[in-house]
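Enquirer: Encoded as structure tokens, here's the structure I'll be asking about.
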Amino acid sequence: MRITFYARVLRVPLLVMVLATAAVHEGTRRLSISSDTEVMGLLSQFDGTATTVFVALATLRASVRSETPEGNARMWRRSVRFQFAAAFALVAFVVATAAAHYTNLGSWAVALNITTTVSVLWALVGPIEPA
């Protein structure tokens, strides 16, 4: 049941993020920022911090039990959004760290950082759900 829940919640966001990352990568391939090792080091630090924060947030559970199943489902969807943001930030951290040494990965690091920012905003704000 848990796997189908994850698949149902993340099916569209994962597809959108992968396609957006590929599109941004194509747009940033020729930028000089993509080959700057100092910028990649800074991106790596940002991603490391974001990964730490969102892994911590993804492990938190609501301390108050909801009396309705809908409330519990909302809590789990929000938790899944935080886990998704943490996973995306972790991938961006790994790629940005590697890009500090291998400059041809720089455009992927920039693209992943842009889409990581989107996934973080999605985790924090999330879709508007009825009360």
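Residue names in the structure tokens use chain letters A, B, ... in the order shown, residue numbers from 1 in each chain, and ligand numbers from 1 in the order shown.
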List every residue of chain A that DSSP, applied to the backbone, labels as helix (DSSP H, G or I), and write the result as a compact mmCIF listing (two decimals) with C-alpha atoms, in the first residue's frame.
Expert:
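Written out: part_29.txt:
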# COMPACT_ATOMS: atom_id res chain seq x y z
CA ARG A 2 2.81 2.42 0.83
CA ILE A 3 4.43 2.02 -2.59
CA THR A 4 1.19 2.81 -4.39
CA PHE A 5 0.72 5.85 -2.15
CA TYR A 6 4.21 7.14 -3.06
CA ALA A 7 3.59 6.42 -6.73
CA ARG A 8 0.24 8.22 -6.67
CA VAL A 9 1.64 11.29 -4.88
CA LEU A 10 4.93 11.55 -6.79
CA ARG A 11 4.04 10.35 -10.28
CA VAL A 12 3.44 13.78 -11.83
CA PRO A 13 5.97 15.82 -9.76
CA LEU A 14 8.78 13.39 -10.56
CA LEU A 15 8.02 13.48 -14.28
CA VAL A 16 7.79 17.28 -14.26
CA MET A 17 11.06 17.66 -12.31
CA VAL A 18 13.00 15.29 -14.56
CA LEU A 19 11.76 17.04 -17.71
CA ALA A 20 12.40 20.48 -16.19
CA THR A 21 15.93 19.46 -15.19
CA ALA A 22 16.66 18.26 -18.72
CA ALA A 23 15.25 21.48 -20.19
CA VAL A 24 17.24 23.73 -17.84
CA HIS A 25 20.37 21.66 -18.54
CA GLU A 26 19.98 22.36 -22.25
CA GLY A 27 19.60 26.06 -21.51
CA THR A 28 22.63 26.29 -19.22
CA SER A 32 30.21 30.29 -18.20
CA ILE A 33 28.80 29.74 -14.72
CA SER A 34 28.55 26.02 -15.51
CA SER A 35 32.32 25.63 -15.65
CA THR A 37 34.49 25.56 -9.88
CA GLU A 38 33.98 28.19 -7.16
CA VAL A 39 30.30 28.49 -8.03
CA MET A 40 29.97 24.71 -8.00
CA GLY A 41 31.54 24.64 -4.53
CA LEU A 42 28.98 27.19 -3.32
CA LEU A 43 26.15 25.20 -4.90
CA SER A 44 27.46 22.11 -3.15
CA GLN A 45 27.35 23.90 0.21
CA PHE A 46 23.80 25.10 -0.45
CA ASP A 47 22.69 21.61 -1.42
CA GLY A 48 24.35 20.04 1.60
CA THR A 49 22.51 22.43 3.90
CA ALA A 50 19.20 21.89 2.09
CA THR A 51 19.66 18.12 2.25
CA THR A 52 20.29 18.23 5.98
CA VAL A 53 17.29 20.43 6.66
CA PHE A 54 14.88 18.48 4.50
CA VAL A 55 16.01 15.06 5.71
CA ALA A 56 15.33 16.33 9.24
CA LEU A 57 11.93 17.68 8.20
CA ALA A 58 11.07 14.50 6.33
CA THR A 59 11.62 12.44 9.46
CA PRO A 69 -8.60 9.71 7.70
CA GLU A 70 -8.41 12.71 5.36
CA GLY A 71 -6.28 14.59 7.87
CA ASN A 72 -3.93 11.63 8.17
CA ALA A 73 -3.65 11.37 4.38
CA ARG A 74 -2.81 15.09 4.18
CA MET A 75 -0.07 14.60 6.77
CA TRP A 76 1.40 11.69 4.79
CA ARG A 77 1.26 13.62 1.50
CA ARG A 78 3.11 16.51 3.14
CA SER A 79 5.68 14.09 4.54
CA VAL A 80 6.16 12.59 1.07
CA ARG A 81 6.69 16.08 -0.36
CA PHE A 82 9.45 16.70 2.20
CA GLN A 83 11.05 13.34 1.38
CA PHE A 84 10.94 14.22 -2.32
CA ALA A 85 12.61 17.58 -1.67
CA ALA A 86 15.26 15.86 0.46
CA ALA A 87 15.99 13.29 -2.25
CA PHE A 88 16.21 15.97 -4.93
CA ALA A 89 18.52 18.08 -2.73
CA LEU A 90 20.72 15.04 -2.11
CA VAL A 91 21.08 14.34 -5.83
CA ALA A 92 21.85 18.03 -6.45
CA PHE A 93 24.45 17.93 -3.65
CA VAL A 94 26.22 14.93 -5.17
CA VAL A 95 26.24 16.41 -8.68
CA ALA A 96 27.36 19.87 -7.50
CA THR A 97 30.17 18.34 -5.45
CA ALA A 98 31.31 16.32 -8.45
CA ALA A 99 30.98 19.39 -10.69
CA THR A 103 33.53 20.95 -14.98
CA ASN A 104 31.47 19.15 -17.64
CA LEU A 105 28.90 18.35 -14.92
CA GLY A 106 28.38 22.04 -14.16
CA SER A 107 25.30 22.52 -16.30
CA TRP A 108 23.67 19.51 -14.64
CA ALA A 109 24.49 20.97 -11.22
CA VAL A 110 22.95 24.33 -12.12
CA ALA A 111 19.87 22.62 -13.56
CA LEU A 112 19.45 20.43 -10.49
CA ASN A 113 19.79 23.43 -8.20
CA ILE A 114 17.04 25.27 -10.01
CA THR A 115 14.71 22.29 -9.87
CA THR A 116 15.72 21.61 -6.26
CA THR A 117 14.54 25.10 -5.40
CA VAL A 118 11.22 24.29 -7.06
CA SER A 119 10.90 20.99 -5.16
CA VAL A 120 11.71 22.77 -1.88
CA LEU A 121 9.00 25.35 -2.56
CA TRP A 122 6.59 22.55 -3.46
CA ALA A 123 7.37 20.83 -0.16
CA LEU A 124 6.91 23.99 1.87
